[in-house]
Amino acid sequence: MSVEQTEYLPLALRHLDDAISALTAPKVRTHKAAGRTRVITKPSIYAEMLENIRGQQGTSFGGVARSMPPLWVDGVDWINKVDSTVQGWWPSTGGTLSRLEAFHKASWRPQDTNFLDGASEMINDWVTAAESLLDGGRDHFTLNAPCPTCGEAWVYRKDALGENVRAPALNVSNMGCNCLACGHHWGFEYFTHLAKVIDCAPLEGVIADESNAV
Ligand SMILES: [Zn+2]
């Protein structure tokens, strides 16, 4: 064992601590307004991702969501990836958060430094991916129906973590509906028509929500 390896272990553990905190610690921000400073606590990135998935799979579009739940595909991919990787690192009982804590507190040896650095890097990538999903992914869901123009129901694309996944072709965002297979775009003014063609009631809920924006 070289001297370098011994010296690098505390540094690797500190990086791991920072990475785990970025993922799981509540975020504290100070907000200045009218001469007063308030401290605002936001949920951790991990908690925020979980909340978003629960919210998007719920009935945000009224009762119709039961028949076709808007599923935040990238968010679900993210949680599955994080949970399964952490379980692979530290397969103790409990959830991802307690596993990460136990993982961090384990008695690592200097020769584990490379492995720990790899884990920290992966956790930091998860945080970056989650931040962009939370910024851009809120008003986005997919439809499990074939595209009326090209007939494709699925596309293969890279998810937020760079892996090939099968995803529904029809994507609804605040810009309208896009087919990822053929690129056809429907603005909100065509949603009644689109809903009729693919026999999909939830789109009417979107029209009601977005009527001011048309
Ligand atoms: Zn299409």
# chains A, B, ... in the order shown; residues from 1 in each chain; ligands from 1
call {"tool": "residues_near_ligand", "arguments": {"ligand": "ligand 1", "cutoff": "9 Å", "atoms": "only C-alpha atoms and all ligand atoms", "output": "number ranges by chain"}}
result
A: 146-153, 169-170, 178-185
call {"tool": "write_last_selection", "arguments": {"atoms": "all heavy atoms", "output": "compact mmCIF listing (two decimals), in the first residue's frame"}}
result
# COMPACT_ATOMS: atom_id res chain seq x y z
N PRO A 146 -50.43 5.08 -29.56
CA PRO A 146 -49.64 5.27 -30.78
C PRO A 146 -49.88 6.65 -31.38
O PRO A 146 -50.97 7.20 -31.26
CB PRO A 146 -50.15 4.17 -31.72
CG PRO A 146 -51.21 3.45 -31.01
CD PRO A 146 -51.48 4.08 -29.69
N CYS A 147 -48.87 7.20 -32.00
CA CYS A 147 -48.99 8.49 -32.66
C CYS A 147 -49.94 8.36 -33.84
O CYS A 147 -49.79 7.46 -34.66
CB CYS A 147 -47.60 8.92 -33.14
SG CYS A 147 -47.63 10.27 -34.33
N PRO A 148 -50.94 9.23 -33.95
CA PRO A 148 -51.91 9.13 -35.06
C PRO A 148 -51.24 9.38 -36.42
O PRO A 148 -51.77 8.97 -37.45
CB PRO A 148 -52.92 10.23 -34.77
CG PRO A 148 -52.64 10.70 -33.40
CD PRO A 148 -51.23 10.32 -33.06
N THR A 149 -50.10 10.03 -36.45
CA THR A 149 -49.45 10.34 -37.72
C THR A 149 -48.56 9.20 -38.20
O THR A 149 -48.65 8.77 -39.34
CB THR A 149 -48.62 11.64 -37.59
OG1 THR A 149 -49.48 12.68 -37.16
CG2 THR A 149 -47.99 12.02 -38.91
N CYS A 150 -47.68 8.68 -37.32
CA CYS A 150 -46.73 7.65 -37.77
C CYS A 150 -47.04 6.27 -37.22
O CYS A 150 -46.45 5.28 -37.64
CB CYS A 150 -45.30 8.06 -37.43
SG CYS A 150 -44.94 8.00 -35.66
N GLY A 151 -47.94 6.18 -36.25
CA GLY A 151 -48.33 4.88 -35.71
C GLY A 151 -47.39 4.32 -34.65
O GLY A 151 -47.65 3.26 -34.08
N GLU A 152 -46.30 5.03 -34.34
CA GLU A 152 -45.36 4.52 -33.34
C GLU A 152 -45.87 4.85 -31.93
O GLU A 152 -46.32 5.96 -31.68
CB GLU A 152 -43.98 5.17 -33.51
CG GLU A 152 -43.27 4.83 -34.80
CD GLU A 152 -42.83 3.37 -34.87
OE1 GLU A 152 -42.65 2.76 -33.80
OE2 GLU A 152 -42.69 2.86 -36.00
N ALA A 153 -45.79 3.87 -31.03
CA ALA A 153 -46.16 4.14 -29.64
C ALA A 153 -44.93 4.36 -28.77
O ALA A 153 -45.01 4.95 -27.70
CB ALA A 153 -46.98 2.97 -29.08
N ALA A 169 -43.88 7.52 -27.24
CA ALA A 169 -43.59 8.47 -28.32
C ALA A 169 -44.26 9.82 -28.09
O ALA A 169 -43.71 10.86 -28.41
CB ALA A 169 -44.02 7.88 -29.66
N LEU A 170 -45.47 9.79 -27.53
CA LEU A 170 -46.23 11.05 -27.40
C LEU A 170 -45.92 11.74 -26.07
O LEU A 170 -46.13 11.17 -25.01
CB LEU A 170 -47.73 10.78 -27.50
CG LEU A 170 -48.22 10.29 -28.86
CD1 LEU A 170 -49.73 10.08 -28.83
CD2 LEU A 170 -47.85 11.26 -29.99
N ASN A 178 -45.92 16.46 -28.62
CA ASN A 178 -44.92 16.13 -29.63
C ASN A 178 -44.80 14.63 -29.78
O ASN A 178 -44.80 13.91 -28.79
CB ASN A 178 -43.54 16.63 -29.19
CG ASN A 178 -43.28 18.02 -29.68
OD1 ASN A 178 -43.36 18.30 -30.88
ND2 ASN A 178 -42.99 18.91 -28.76
N CYS A 179 -44.63 14.17 -31.04
CA CYS A 179 -44.28 12.77 -31.25
C CYS A 179 -42.77 12.69 -31.38
O CYS A 179 -42.18 13.33 -32.25
CB CYS A 179 -44.95 12.23 -32.51
SG CYS A 179 -44.35 10.56 -32.89
N LEU A 180 -42.13 11.92 -30.50
CA LEU A 180 -40.66 11.81 -30.54
C LEU A 180 -40.20 10.92 -31.68
O LEU A 180 -39.03 10.90 -32.03
CB LEU A 180 -40.13 11.26 -29.21
CG LEU A 180 -40.40 12.10 -27.96
CD1 LEU A 180 -39.78 11.44 -26.74
CD2 LEU A 180 -39.88 13.51 -28.13
N ALA A 181 -41.14 10.15 -32.27
CA ALA A 181 -40.76 9.26 -33.38
C ALA A 181 -40.73 10.02 -34.70
O ALA A 181 -39.75 9.95 -35.44
CB ALA A 181 -41.71 8.08 -33.45
N CYS A 182 -41.80 10.76 -35.02
CA CYS A 182 -41.85 11.42 -36.33
C CYS A 182 -41.73 12.94 -36.21
O CYS A 182 -41.62 13.64 -37.21
CB CYS A 182 -43.13 11.06 -37.08
SG CYS A 182 -44.62 11.77 -36.34
N GLY A 183 -41.77 13.46 -34.99
CA GLY A 183 -41.60 14.89 -34.81
C GLY A 183 -42.86 15.71 -34.99
O GLY A 183 -42.82 16.94 -34.91
N HIS A 184 -43.99 15.04 -35.23
CA HIS A 184 -45.23 15.81 -35.42
C HIS A 184 -45.58 16.56 -34.14
O HIS A 184 -45.40 16.06 -33.04
CB HIS A 184 -46.37 14.87 -35.82
CG HIS A 184 -47.53 15.60 -36.43
ND1 HIS A 184 -47.70 15.74 -37.78
CD2 HIS A 184 -48.56 16.28 -35.84
CE1 HIS A 184 -48.79 16.47 -38.01
NE2 HIS A 184 -49.33 16.80 -36.86
N HIS A 185 -46.07 17.78 -34.29
CA HIS A 185 -46.42 18.60 -33.14
C HIS A 185 -47.89 19.01 -33.20
O HIS A 185 -48.38 19.38 -34.26
CB HIS A 185 -45.53 19.86 -33.13
CG HIS A 185 -45.91 20.84 -32.05
ND1 HIS A 185 -45.54 20.68 -30.74
CD2 HIS A 185 -46.67 21.97 -32.10
CE1 HIS A 185 -46.04 21.68 -30.03
NE2 HIS A 185 -46.72 22.47 -30.82
call {"tool": "select_by_dssp", "arguments": {"residues": "stretch 113-195 of chain A", "states": "alpha helix (DSSP H)", "output": "compact mmCIF listing (two decimals) with N, CA, C and O atoms, in the first residue's frame"}}
result
# COMPACT_ATOMS: atom_id res chain seq x y z
N THR A 113 -10.38 3.53 -1.86
CA THR A 113 -10.48 4.93 -2.27
C THR A 113 -11.06 5.10 -3.68
O THR A 113 -11.96 5.91 -3.90
N ASN A 114 -10.57 4.30 -4.63
CA ASN A 114 -11.07 4.44 -6.01
C ASN A 114 -12.56 4.14 -6.10
O ASN A 114 -13.30 4.84 -6.79
N PHE A 115 -12.97 3.11 -5.40
CA PHE A 115 -14.39 2.75 -5.40
C PHE A 115 -15.23 3.89 -4.81
O PHE A 115 -16.27 4.27 -5.36
N LEU A 116 -14.74 4.47 -3.71
CA LEU A 116 -15.48 5.56 -3.06
C LEU A 116 -15.55 6.79 -3.97
O LEU A 116 -16.58 7.46 -4.06
N ASP A 117 -14.42 7.07 -4.66
CA ASP A 117 -14.43 8.21 -5.59
C ASP A 117 -15.46 7.99 -6.70
O ASP A 117 -16.17 8.92 -7.10
N GLY A 118 -15.53 6.76 -7.20
CA GLY A 118 -16.51 6.43 -8.24
C GLY A 118 -17.93 6.64 -7.74
O GLY A 118 -18.79 7.17 -8.44
N ALA A 119 -18.18 6.23 -6.49
CA ALA A 119 -19.51 6.38 -5.91
C ALA A 119 -19.86 7.86 -5.76
O ALA A 119 -20.97 8.29 -6.10
N SER A 120 -18.90 8.67 -5.27
CA SER A 120 -19.16 10.10 -5.11
C SER A 120 -19.49 10.75 -6.45
O SER A 120 -20.41 11.55 -6.57
N GLU A 121 -18.72 10.35 -7.48
CA GLU A 121 -18.94 10.92 -8.81
C GLU A 121 -20.33 10.57 -9.30
O GLU A 121 -21.05 11.41 -9.86
N MET A 122 -20.74 9.32 -9.07
CA MET A 122 -22.06 8.89 -9.53
C MET A 122 -23.16 9.66 -8.79
O MET A 122 -24.13 10.12 -9.40
N ILE A 123 -23.00 9.85 -7.48
CA ILE A 123 -24.01 10.58 -6.70
C ILE A 123 -24.10 12.03 -7.20
O ILE A 123 -25.20 12.57 -7.37
N ASN A 124 -22.94 12.63 -7.49
CA ASN A 124 -22.97 14.01 -8.00
C ASN A 124 -23.68 14.08 -9.35
O ASN A 124 -24.40 15.04 -9.63
N ASP A 125 -23.48 13.06 -10.20
CA ASP A 125 -24.19 13.01 -11.48
C ASP A 125 -25.71 12.91 -11.27
O ASP A 125 -26.50 13.52 -11.99
N TRP A 126 -26.11 12.12 -10.26
CA TRP A 126 -27.55 12.01 -9.96
C TRP A 126 -28.12 13.37 -9.57
O TRP A 126 -29.22 13.73 -9.97
N VAL A 127 -27.35 14.10 -8.75
CA VAL A 127 -27.83 15.41 -8.30
C VAL A 127 -28.00 16.34 -9.50
O VAL A 127 -29.03 17.01 -9.65
N THR A 128 -27.00 16.36 -10.40
CA THR A 128 -27.08 17.22 -11.58
C THR A 128 -28.28 16.83 -12.45
O THR A 128 -29.04 17.69 -12.90
N ALA A 129 -28.45 15.52 -12.67
CA ALA A 129 -29.57 15.06 -13.49
C ALA A 129 -30.90 15.44 -12.85
O ALA A 129 -31.83 15.90 -13.53
N ALA A 130 -31.00 15.30 -11.52
CA ALA A 130 -32.25 15.61 -10.83
C ALA A 130 -32.54 17.11 -10.92
O ALA A 130 -33.69 17.51 -11.12
N GLU A 131 -31.50 17.93 -10.79
CA GLU A 131 -31.73 19.37 -10.85
C GLU A 131 -32.31 19.77 -12.21
O GLU A 131 -33.22 20.59 -12.29
N SER A 132 -31.79 19.18 -13.28
CA SER A 132 -32.32 19.57 -14.58
C SER A 132 -33.72 18.99 -14.78
O SER A 132 -34.57 19.61 -15.40
N LEU A 133 -33.98 17.80 -14.23
CA LEU A 133 -35.34 17.25 -14.32
C LEU A 133 -36.33 18.09 -13.54
O LEU A 133 -37.45 18.33 -13.99
N LEU A 134 -35.92 18.56 -12.36
CA LEU A 134 -36.84 19.34 -11.53
C LEU A 134 -37.10 20.71 -12.15
O LEU A 134 -38.18 21.25 -12.01
N ASP A 135 -36.12 21.24 -12.86
CA ASP A 135 -36.32 22.53 -13.54
C ASP A 135 -37.21 22.38 -14.76
O ASP A 135 -38.14 23.13 -14.96
N GLY A 136 -36.88 21.39 -15.59
CA GLY A 136 -37.54 21.31 -16.88
C GLY A 136 -38.62 20.25 -16.97
O GLY A 136 -39.35 20.20 -17.95
N PHE A 191 -55.87 19.77 -29.62
CA PHE A 191 -55.97 18.69 -28.65
C PHE A 191 -57.29 17.96 -28.69
O PHE A 191 -57.34 16.76 -28.45
N THR A 192 -58.37 18.67 -28.99
CA THR A 192 -59.66 17.98 -29.07
C THR A 192 -59.62 16.96 -30.19
O THR A 192 -60.02 15.81 -30.03
N HIS A 193 -59.06 17.39 -31.32
CA HIS A 193 -58.91 16.50 -32.47
C HIS A 193 -58.01 15.31 -32.11
O HIS A 193 -58.35 14.15 -32.34
N LEU A 194 -56.86 15.61 -31.49
CA LEU A 194 -55.89 14.57 -31.12
C LEU A 194 -56.52 13.59 -30.14
O LEU A 194 -56.39 12.37 -30.29
N ALA A 195 -57.24 14.10 -29.16
CA ALA A 195 -57.88 13.25 -28.17
C ALA A 195 -58.87 12.30 -28.83
O ALA A 195 -58.96 11.12 -28.47
call {"tool": "residues_around", "arguments": {"residues": "A:Leu23", "least_positions_apart": "5", "cutoff": "7 Å", "atoms": "only C-alpha atoms", "output": "list in words"}}
result
Ser44, Ile45, Tyr46 and Val127 of chain A
call {"tool": "write_last_selection", "arguments": {"atoms": "all heavy atoms", "output": "PDB file, in the first residue's frame"}}
result
ATOM      1  N   SER A  44     -34.753  17.855   0.461  1.00  0.00           N
ATOM      2  CA  SER A  44     -33.561  17.423  -0.278  1.00  0.00           C
ATOM      3  C   SER A  44     -33.943  17.100  -1.727  1.00  0.00           C
ATOM      4  O   SER A  44     -35.113  16.918  -2.053  1.00  0.00           O
ATOM      5  CB  SER A  44     -32.977  16.176   0.375  1.00  0.00           C
ATOM      6  OG  SER A  44     -33.829  15.066   0.128  1.00  0.00           O
ATOM      7  N   ILE A  45     -32.913  17.026  -2.581  1.00  0.00           N
ATOM      8  CA  ILE A  45     -33.126  16.655  -3.983  1.00  0.00           C
ATOM      9  C   ILE A  45     -33.855  15.309  -4.074  1.00  0.00           C
ATOM     10  O   ILE A  45     -34.811  15.158  -4.823  1.00  0.00           O
ATOM     11  CB  ILE A  45     -31.761  16.539  -4.707  1.00  0.00           C
ATOM     12  CG1 ILE A  45     -31.143  17.921  -4.896  1.00  0.00           C
ATOM     13  CG2 ILE A  45     -31.884  15.809  -6.030  1.00  0.00           C
ATOM     14  CD1 ILE A  45     -31.581  18.643  -6.135  1.00  0.00           C
ATOM     15  N   TYR A  46     -33.415  14.356  -3.262  1.00  0.00           N
ATOM     16  CA  TYR A  46     -34.026  13.029  -3.308  1.00  0.00           C
ATOM     17  C   TYR A  46     -35.501  13.102  -2.912  1.00  0.00           C
ATOM     18  O   TYR A  46     -36.364  12.540  -3.583  1.00  0.00           O
ATOM     19  CB  TYR A  46     -33.255  12.069  -2.385  1.00  0.00           C
ATOM     20  CG  TYR A  46     -33.749  10.649  -2.449  1.00  0.00           C
ATOM     21  CD1 TYR A  46     -33.309   9.789  -3.453  1.00  0.00           C
ATOM     22  CD2 TYR A  46     -34.667  10.171  -1.525  1.00  0.00           C
ATOM     23  CE1 TYR A  46     -33.774   8.484  -3.527  1.00  0.00           C
ATOM     24  CE2 TYR A  46     -35.132   8.862  -1.587  1.00  0.00           C
ATOM     25  CZ  TYR A  46     -34.686   8.023  -2.592  1.00  0.00           C
ATOM     26  OH  TYR A  46     -35.161   6.736  -2.663  1.00  0.00           O
ATOM     27  N   VAL A 127     -27.352  14.101  -8.753  1.00  0.00           N
ATOM     28  CA  VAL A 127     -27.831  15.409  -8.301  1.00  0.00           C
ATOM     29  C   VAL A 127     -27.997  16.341  -9.502  1.00  0.00           C
ATOM     30  O   VAL A 127     -29.026  17.009  -9.646  1.00  0.00           O
ATOM     31  CB  VAL A 127     -26.864  16.018  -7.250  1.00  0.00           C
ATOM     32  CG1 VAL A 127     -27.232  17.455  -6.936  1.00  0.00           C
ATOM     33  CG2 VAL A 127     -26.878  15.183  -5.968  1.00  0.00           C
TER      34      VAL A 127
END
call {"tool": "closest_residue", "arguments": {"among": "A:Val86, A:Ala102, A:Ala145, A:Val73", "to": "A:Lys158", "atoms": "only C-alpha atoms"}}
result
A:Val73
call {"tool": "residues_around", "arguments": {"residues": "A:Arg109", "least_positions_apart": "3", "cutoff": "12 Å", "atoms": "only C-alpha atoms", "output": "PyMOL selection string"}}
result
chain A and resi 1+5-10+12-13+105-106+112-116
call {"tool": "closest_residue", "arguments": {"among": "A:Ala167, A:Leu100, A:Thr142, A:Ile53", "to": "A:Trp154", "atoms": "only C-alpha atoms"}}
result
A:Ala167
call {"tool": "atom_distance", "arguments": {"atom1": "atom CA of A:Asn171", "atom2": "atom CA of A:Asn80"}}
result
20.9 Å
call {"tool": "closest_residue", "arguments": {"among": "A:Pro110, A:Arg166, A:Phe103, A:Arg157", "to": "A:Asp17", "atoms": "only C-alpha atoms"}}
result
A:Phe103
call {"tool": "closest_residue", "arguments": {"among": "A:Leu11, A:Val28, A:Leu50, A:Leu97", "to": "A:Gly75", "atoms": "only C-alpha atoms"}}
result
A:Leu50
